[in-house]
Number of protein chains: 4
Amino acid sequence: MIIVLKPNPDKQQYEQFTKYLTENLGLTLHYSQGESSTILGLIGDTSKVDIDLISAMEMVESVTRIQEPYKAANRKFHPQDSVVKIGDTGVKFGGGHFAVVAGPCSVETEEQIIICANAVKKAGADMLRGGAFKPRTSPYAFQGLGKSGIELLLLAKKETGLPIVTEVMDISQLELFDDVDLIQVGARNMQNFNLLKELGTINKPILLKRGLANTIQEWLMSAEYIMAGGNENVILCERGIRTFETATRNTLDISAIPVLREKTHLPVVIDPSHATGYSKYVEPMCYAATAAGADGLIIEVHNKPSAAWSDGQQSLTPEAFTRVNANVREFRKVAERI
Amino acid sequence: MIIVLKPNPDKQQYEQFTKYLTENLGLTLHYSQGESSTILGLIGDTSKVDIDLISAMEMVESVTRIQEPYKAANRKFHPQDSVVKIGDTGVKFGGGHFAVVAGPCSVETEEQIIICANAVKKAGADMLRGGAFKPRTSPYAFQGLGKSGIELLLLAKKETGLPIVTEVMDISQLELFDDVDLIQVGARNMQNFNLLKELGTINKPILLKRGLANTIQEWLMSAEYIMAGGNENVILCERGIRTFETATRNTLDISAIPVLREKTHLPVVIDPSHATGYSKYVEPMCYAATAAGADGLIIEVHNKPSAAWSDGQQSLTPEAFTRVNANVREFRKVAERI
Amino acid sequence: MIIVLKPNPDKQQYEQFTKYLTENLGLTLHYSQGESSTILGLIGDTSKVDIDLISAMEMVESVTRIQEPYKAANRKFHPQDSVVKIGDTGVKFGGGHFAVVAGPCSVETEEQIIICANAVKKAGADMLRGGAFKPRTSPYAFQGLGKSGIELLLLAKKETGLPIVTEVMDISQLELFDDVDLIQVGARNMQNFNLLKELGTINKPILLKRGLANTIQEWLMSAEYIMAGGNENVILCERGIRTFETATRNTLDISAIPVLREKTHLPVVIDPSHATGYSKYVEPMCYAATAAGADGLIIEVHNKPSAAWSDGQQSLTPEAFTRVNANVREFRKVAERI
Amino acid sequence: MIIVLKPNPDKQQYEQFTKYLTENLGLTLHYSQGESSTILGLIGDTSKVDIDLISAMEMVESVTRIQEPYKAANRKFHPQDSVVKIGDTGVKFGGGHFAVVAGPCSVETEEQIIICANAVKKAGADMLRGGAFKPRTSPYAFQGLGKSGIELLLLAKKETGLPIVTEVMDISQLELFDDVDLIQVGARNMQNFNLLKELGTINKPILLKRGLANTIQEWLMSAEYIMAGGNENVILCERGIRTFETATRNTLDISAIPVLREKTHLPVVIDPSHATGYSKYVEPMCYAATAAGADGLIIEVHNKPSAAWSDGQQSLTPEAFTRVNANVREFRKVAERI
């Protein structure tokens with residue numbers, strides 16, 4: 001961290017400040033006195049320095065962070081890829097392990113989720129997805145089946161053996177998630193800090209989706225909230241960011257894959273369904289994500305997309321998914337070889 | 001709502017669909033048969049039609065909403081301005097009532113909040129603000145005093161008589177808000193739908209901040225979540241949206257004022273402190289917001305900004321606030337006259 | 001400018017680099033040697049340092065600009081407000097001078113421009129606007145009258161005595177602009193660097209609109225292109241930036257006014273018509289801009305908006321403009337007094 | 001196109017309007033009279049209807065475009081992929097033809113461009129890129145060698161036989177482009193409509209880059225400008241769009257590939273170098289683009305990136321490019337097979 005001080009800072013304030021930096025925060029200071037300004041270089045673990053506090057000080061001209069503000073998620077302090085295991089199901093993400101999650105946007109009926117689960121299993125999916133609690137912009141839109149949605153998912157899990165992932169929207173719902181294998185935090189809750197803190201205290205992997213207009217650093221800070229609480233099993237899920245483009249629902253940021261690969265050791269999964277919003281664009285995005293080195297995909301598959309209760313426009317049929325999944329594995333082979 | 005159908009829709013599906021629209025949703029259909037497409041016009045209350053469901057149907061080419069998807073917040077169904085009263089304190093927002101809220105970003109100590117409260121009261125503020133629960137990007141940054149922060153605010157309220165506003169971040173905190181006069185929902189929680197639903201069940205005014213990258217329609221849908229639950233005392237607070245500009249923390253969307261004035265009957269308050277992020281830009285934005293017809297302002301004031309525990313950069317000193325508030329009232333006089 | 005070097009830079013490269021900085025660029029270096037990195041502080045005029053070149057060097061970890069990359073437009077080197085005079089017409093912008101420009105989006109016919117010119121003059125406008133060359137997204141939309149549009153503007157100028165402003169789109173058109181008083185560069189040409197360079201060589205004031213998705217710094221760099229060529233008569237015009245909001249055509253960035261006031265000595269004019277895109281929102285934005293301290297406004301006024309050949313939706317009638325202009329002067333009085 | 005009229009439109013105006021639509025524009029009208037509004041469906045070629053004109057009419061409530069506003073670029077009217085041939089060099093883009101363009105950001109010296117050209121040829125590139133006219137944000141940054149840069153490129157072409165692509169920034173430069181094989185329009189000039197019109201009159205393929213914050217539809221409208229002039233040899237180049245993410249220079253919109261594939265018959269090329277801004281991220285983006293079905297890539301390669309005069313940070317070394325190009329061909333094989 002580099003702090004540029006204004007000319008002639010108050011001497012007492014300056015001493016108090018530098019004492020705080022060295023004694024309270026344990027940092028080493030390197031300082032360079034110019035004619036018109038003084039530059040302080042802070043060496044040490046600056047991830048816990050509150051940059052806002054320092055920026056507001058009267059004698060401070062500017063502060064620039066050199067080191068990242070996250071530590072647990074930072075590859076610098078954890079050079080090896082993390083492998084996140086989905087319980088003892090054998091499904092793994094990261095460190096060379098690649099998995100495909102598939103299923104409907106929402107759990108609708110027992111028949112629907114069982115058909116979908118069997119279909120995606122047959123097509124080669126590693127896990128089943130399905131929403132029980134649905135974040136919807138309108139209070140009048142279908143909000144998910146809630147508790148009974150989770151029960152239906154568990155039924156489908158029993159039927160197929162596929163581990164399941166589903167979204168939690170509020171701390172109070174967590175008691176229903178005991179048998180859920182992977183807990184999803186949705187884009188709109190990426191900065192629901194109380195929820196993140198709570199998830200830091202449990203012993204279950206978390207699928208953390210990127211917020212609609214958030215930077216990768218903010219996303220990693222949210223992962224840090226979970227990890228700082230002791231739960232290091234975080235999988236990052238890119239699901240498209242908001243841009244001015246309207247031909248797609250969001251813009252899938254595939255370059256997030258190599259950026260995350262450099263900055264963190266956590267696995268990265270891509271959701272091309274929410275990102276593009278249209279099933280016709282999902283297929284090429286699956287291939288792009290795989291070629292760019294993703295650790296997994298999460299794809300919406302519905303037995304009858306045109307009758308889906310939510311997001312039917314972006315769901316693949318089981319037939320389409322079977323073909324896409326097979327092709328994904330072809331691209332994966334090349335990605336693994338190079 | 002206008003639905004364009006593809007050529008030659010399946011007859012049975014078509015009949016089922018139109019029956020659903022007329023019988024279940026109570027809509028009237030006007031339909032126009034062209035050579036290459038059929039256009040269905042839906043007349044009636046379409047606010048509860050799930051546009052996603054219809055878009056996904058196989059026979060549907062496109063759907064366009066003409067009517068807004070919100071009803072309780074819609075000025076069309078409530079032409080008069082709503083006046084939101086802050087309990088029986090006499091402070092009101094909307095319908096010609098203008099109020100100024102001021103105070104520090106965070107409650108820090110008893111001394112600090114009491115000094116700030118007295119200072120803003122003396123300068124003419126109508127309400128006191130102060131954060132007890134603070135949403136921070138970093139888990140290592142100051143997270144607010146929590147419960148004791150609320151207690152200190154109540155002390156300041158007792159001392160000065162100023163009604164208070166403070167932010168709730170999670171449903172579980174609500175039990176501490178009994179004596180809070182106005183409950184704030186922060187930008188990051190604008191789409192925390194479970195929290196919004198809960199706030200719909202209580203009998204207290206809500207200050208709903210706009211999300212960082214949300215449209216005005218999405219914001220009104222979040223107000224609708226609260227209002228649909230029965231709590232119609234919602235004040236909308238514009239606090240800047242994320243843009244590519246980096247000279248300011250966010251970009252204050254002042255044109256939201258006339259847009260909201262047209263679309264809703266709810267009062268609109270402007271937060272120039274979070275919007276600009278720098279105290280040097282707060283003053284002209286207060287004047288701009290007032291001239292554009294805002295129903296109130298919420299301004300950060302700290303007795304010693306350079307020592308603030310959060311957001312010191314954007315806080316006015318009590319002296320600056322006294323001057324700004326006096327000038328605001330001058331601009332307000334012109335705005336009222338024209 | 002602060003350069004952080006990687007550990008153990010190649011000694012010969014390092015010496016060559018520091019020699020280049022001091023001898024070729026005339027900079028003074030302050031350097032601070034830490035355990036894991038070396039920090040170089042560059043003191044002097046760094047506005048001409050090519051930051052890209054330095055960033056790409058192998059031994060460089062990061063580069064941070066402290067000083068702005070513009071000089072002619074920088075208030076630091078020109079503390080007094082610039083006053084831009086529109087020839088010898090008496091109209092001035094900046095340094096306490098405020099002026100209102102009004103007129104139709106496009107020049108359509110002799111009758112239309114003469115009626116509009118007389119109407120805005122009568123209502124108190126200081127200058128006449130009107131487009132002869134129109135940048136349109138579609139090649140099939142009306143592209144402006146071109147040369148004859150300029151001739152009609154000159155006729156209106158002769159008739160009313162109002163100085164005129166109109167847009168240039170290409171260097172080859174400049175020969176038609178001899179009698180134009182103020183030359184506008186549109187948002188889409190803000191980074192048409194060849195055009196900017198050419199405008200730097202002429203002796204006429206330039207109205208430089210901000211690009212649709214450009215930062216204030218990029219905008220000032222475009223002003224710098226003109227000023228570096230010798231033409232210092234640049235007026236900056238904020239006309240809305242692209243955001244996710246769709247209720248308005250663009251989002252008017254009113255906070256650009258105080259930001260520019262701090263960073264540059266050039267006058268700032270606001271265009272609420274293109275910014276909002278709807279005449280119903282123009283009025284409050286005029287007031288907001290005036291209260292925030294703008295040096296002028298440029299407003300679309302059409303004698304019959306519903307029959308305008310372009311942008312009729314955002315044009316005021318002469319009656320509405322008369323009222324708005326009178327109110328603007330009321331707000332201006334308060335803004336001048338405080 | 002669907003026009004919703006307000007209740008009780010003026011009868012004479014209405015008749016004049018519908019007459020204009022049918023007689024002047026040759027459209028067929030379908031109309032549906034409801035209680036509170038009238039809906040007009042316009043059938044026929046609406047690409048040349050000026051939507052702004054209609055929106056501004058007093059009796060019009062809203063206008064929705066169903067058909068795209070471009071025709072020459074529209075796949076609906078040209079179902080087969082266009083193949084753009086680079087003169088008689090044998091290099092082709094589109095319709096199953098895939099080509100890789102490589103070379104430095106800027107032409108610097110004869111030695112540099114000859115070394116680069118030989119290196120990329122050896123590594124398997126199909127074309128050579130190099131900038132002679134450089135659009136730079138700062139007037140003080142290196143602006144390119146200009147005319148002599150083009151001469152050096154032609155020398156490299158002679159030496160290696162590789163066809164060349166380079167950027168034109170202004171109409172006046174076009175006389176130097178006689179022997180250039182493919183003319184590039186840069187992102188900042190995507191809406192320089194005069195330049196586009198001029199390029200419509202020449203007989204040479206154009207590489208049209210997407211603007212920094214432009215939608216795909218706006219981009220296709222810019223292609224339409226060129227094509228409407230008679231030059232149908234347009235290649236679209238996605239080079240990243242501006243988002244809030246700062247870890248990459250821009251965000252590469254890979255989903256633009258399938259969107260364009262659906263909407264237009266023109267070939268699509270990806271520039272991962274400008275999109276990401278860092279050579280370390282270029283490689284996976286090349287693979288992603290290829291897997292998603294791009295018709296080609298344009299990659300920055302410099303013999304000594306750390307000494308490049310511009311954009312060295314994003315340039316691959318010839319060694320890296322050799323490896324990347326070989327891997328790209330592997331991914332291409334899978335993409336062709338599926």
# chains A, B, ... in the order shown; residues from 1 in each chain; ligands from 1
$ closest_atom_pairs --of "chain A" --to "chain D" --cutoff "8 Å" --atoms "only C-alpha atoms" --output "CSV"
residue,atom,partner,partner_atom,distance
A:Ala213,CA,D:Phe244,CA,7.0
A:Asn214,CA,D:Phe244,CA,7.2
A:Thr215,CA,D:Glu245,CA,4.9
A:Ile216,CA,D:Glu245,CA,6.8
A:Thr243,CA,D:Thr243,CA,6.6
A:Phe244,CA,D:Thr215,CA,6.3
A:Glu245,CA,D:Thr215,CA,4.9
A:Thr246,CA,D:Thr215,CA,7.2
A:Ala247,CA,D:Val259,CA,7.1
A:Thr248,CA,D:Ser255,CA,7.8
A:Thr251,CA,D:Asp253,CA,6.5
A:Leu252,CA,D:Ser255,CA,6.8
A:Asp253,CA,D:Thr251,CA,6.4
A:Ile254,CA,D:Ile254,CA,7.3
A:Ser255,CA,D:Met285,CA,6.6
A:Pro258,CA,D:Tyr281,CA,5.9
A:Val259,CA,D:Ala247,CA,7.1
A:Thr276,CA,D:Ser255,CA,7.3
A:Tyr281,CA,D:Pro258,CA,5.9
A:Pro284,CA,D:Ala292,CA,4.6
A:Met285,CA,D:Ala292,CA,6.2
A:Tyr287,CA,D:Ala291,CA,5.5
A:Ala288,CA,D:Ala288,CA,3.9
A:Ala289,CA,D:Ala288,CA,6.3
A:Thr290,CA,D:Ala288,CA,7.5
A:Ala291,CA,D:Ala288,CA,5.1
A:Ala292,CA,D:Pro284,CA,4.6
A:Gly293,CA,D:Pro284,CA,7.1
A:Asn327,CA,D:Ile338,CA,7.1
A:Glu330,CA,D:Val334,CA,7.1
A:Phe331,CA,D:Val334,CA,6.8
A:Val334,CA,D:Phe331,CA,6.8
A:Ile338,CA,D:Asn327,CA,7.1
$ residues_around --residues "Leu155 in chain A" --least-positions-apart "3" --cutoff "10 Å" --atoms "only C-alpha atoms" --output "list in words"
Glu110, Ile113, Ile114, Ala117, Gly149, Ile150, Glu151, Leu152, Lys158, Glu159, Thr160 and Gly161 of chain A
$ write_last_selection --atoms "N, CA and C atoms" --output "PDB file, in the first residue's frame"
ATOM      1  N   GLU A 110     -43.242 -33.117  -8.416  1.00  0.00           N
ATOM      2  CA  GLU A 110     -42.461 -34.331  -8.234  1.00  0.00           C
ATOM      3  C   GLU A 110     -42.145 -34.944  -9.592  1.00  0.00           C
ATOM      4  N   ILE A 113     -39.359 -32.904 -11.520  1.00  0.00           N
ATOM      5  CA  ILE A 113     -37.971 -32.957 -11.038  1.00  0.00           C
ATOM      6  C   ILE A 113     -37.412 -34.374 -11.191  1.00  0.00           C
ATOM      7  N   ILE A 114     -38.269 -35.376 -11.048  1.00  0.00           N
ATOM      8  CA  ILE A 114     -37.779 -36.753 -11.226  1.00  0.00           C
ATOM      9  C   ILE A 114     -37.430 -37.009 -12.699  1.00  0.00           C
ATOM     10  N   ALA A 117     -34.228 -35.089 -13.390  1.00  0.00           N
ATOM     11  CA  ALA A 117     -33.074 -35.681 -12.719  1.00  0.00           C
ATOM     12  C   ALA A 117     -32.608 -36.936 -13.452  1.00  0.00           C
ATOM     13  N   GLY A 149     -40.133 -27.730  -2.123  1.00  0.00           N
ATOM     14  CA  GLY A 149     -39.201 -27.823  -3.258  1.00  0.00           C
ATOM     15  C   GLY A 149     -37.943 -28.563  -2.856  1.00  0.00           C
ATOM     16  N   ILE A 150     -37.455 -28.246  -1.667  1.00  0.00           N
ATOM     17  CA  ILE A 150     -36.255 -28.938  -1.176  1.00  0.00           C
ATOM     18  C   ILE A 150     -36.558 -30.426  -0.967  1.00  0.00           C
ATOM     19  N   GLU A 151     -37.719 -30.724  -0.436  1.00  0.00           N
ATOM     20  CA  GLU A 151     -38.095 -32.126  -0.229  1.00  0.00           C
ATOM     21  C   GLU A 151     -38.147 -32.894  -1.564  1.00  0.00           C
ATOM     22  N   LEU A 152     -38.664 -32.232  -2.578  1.00  0.00           N
ATOM     23  CA  LEU A 152     -38.715 -32.888  -3.895  1.00  0.00           C
ATOM     24  C   LEU A 152     -37.319 -33.111  -4.459  1.00  0.00           C
ATOM     25  N   LYS A 158     -32.446 -39.076  -4.049  1.00  0.00           N
ATOM     26  CA  LYS A 158     -32.578 -40.474  -3.626  1.00  0.00           C
ATOM     27  C   LYS A 158     -32.781 -41.371  -4.849  1.00  0.00           C
ATOM     28  N   GLU A 159     -33.609 -40.909  -5.744  1.00  0.00           N
ATOM     29  CA  GLU A 159     -33.943 -41.671  -6.960  1.00  0.00           C
ATOM     30  C   GLU A 159     -32.734 -41.876  -7.866  1.00  0.00           C
ATOM     31  N   THR A 160     -31.923 -40.821  -8.013  1.00  0.00           N
ATOM     32  CA  THR A 160     -30.849 -40.871  -9.021  1.00  0.00           C
ATOM     33  C   THR A 160     -29.459 -41.000  -8.426  1.00  0.00           C
ATOM     34  N   GLY A 161     -29.327 -40.688  -7.145  1.00  0.00           N
ATOM     35  CA  GLY A 161     -27.984 -40.677  -6.574  1.00  0.00           C
ATOM     36  C   GLY A 161     -27.194 -39.417  -6.874  1.00  0.00           C
TER      37      GLY A 161
END
$ select_by_dssp --residues "range 39-257 of chain B" --states "helix (DSSP H, G or I)" --output "PyMOL selection string"
chain B and resi 51-55+75-77+110-122+147-160+171-177+187-189+193-199+216-228+256-257
$ closest_residue --among "C:Leu42, C:Leu212, C:Val100, C:Leu162" --to "Ala294 in chain C" --atoms "only C-alpha atoms"
C:Val100
$ residues_around --residues "Gly94 in chain A" --least-positions-apart "2" --cutoff "6 Å" --atoms "only C-alpha atoms" --output "PyMOL selection string"
chain A and resi 83+96-97+267+295
$ write_last_selection --atoms "N, CA, C and O atoms" --output "PDB file, in the first residue's frame"
ATOM      1  N   VAL A  83      -9.220 -27.979  -4.208  1.00  0.00           N
ATOM      2  CA  VAL A  83     -10.181 -28.941  -4.743  1.00  0.00           C
ATOM      3  C   VAL A  83     -11.374 -28.944  -3.786  1.00  0.00           C
ATOM      4  O   VAL A  83     -11.214 -29.233  -2.604  1.00  0.00           O
ATOM      5  N   GLY A  96      -7.940 -29.689 -11.505  1.00  0.00           N
ATOM      6  CA  GLY A  96      -7.991 -30.703 -12.545  1.00  0.00           C
ATOM      7  C   GLY A  96      -9.306 -31.455 -12.598  1.00  0.00           C
ATOM      8  O   GLY A  96      -9.562 -32.214 -13.529  1.00  0.00           O
ATOM      9  N   HIS A  97     -10.163 -31.244 -11.594  1.00  0.00           N
ATOM     10  CA  HIS A  97     -11.461 -31.922 -11.577  1.00  0.00           C
ATOM     11  C   HIS A  97     -12.517 -31.024 -12.213  1.00  0.00           C
ATOM     12  O   HIS A  97     -12.626 -29.849 -11.866  1.00  0.00           O
ATOM     13  N   PRO A 267     -12.041 -22.938  -7.099  1.00  0.00           N
ATOM     14  CA  PRO A 267     -12.549 -23.397  -8.400  1.00  0.00           C
ATOM     15  C   PRO A 267     -13.552 -22.398  -9.002  1.00  0.00           C
ATOM     16  O   PRO A 267     -14.205 -21.655  -8.272  1.00  0.00           O
ATOM     17  N   ASP A 295     -13.690 -24.945 -14.338  1.00  0.00           N
ATOM     18  CA  ASP A 295     -13.671 -26.191 -13.560  1.00  0.00           C
ATOM     19  C   ASP A 295     -15.022 -26.887 -13.574  1.00  0.00           C
ATOM     20  O   ASP A 295     -15.174 -27.943 -12.939  1.00  0.00           O
TER      21      ASP A 295
END
$ atom_distance --atom1 "CA of Ser306 in chain D" --atom2 "CA of Pro7 in chain C"
16.6 Å
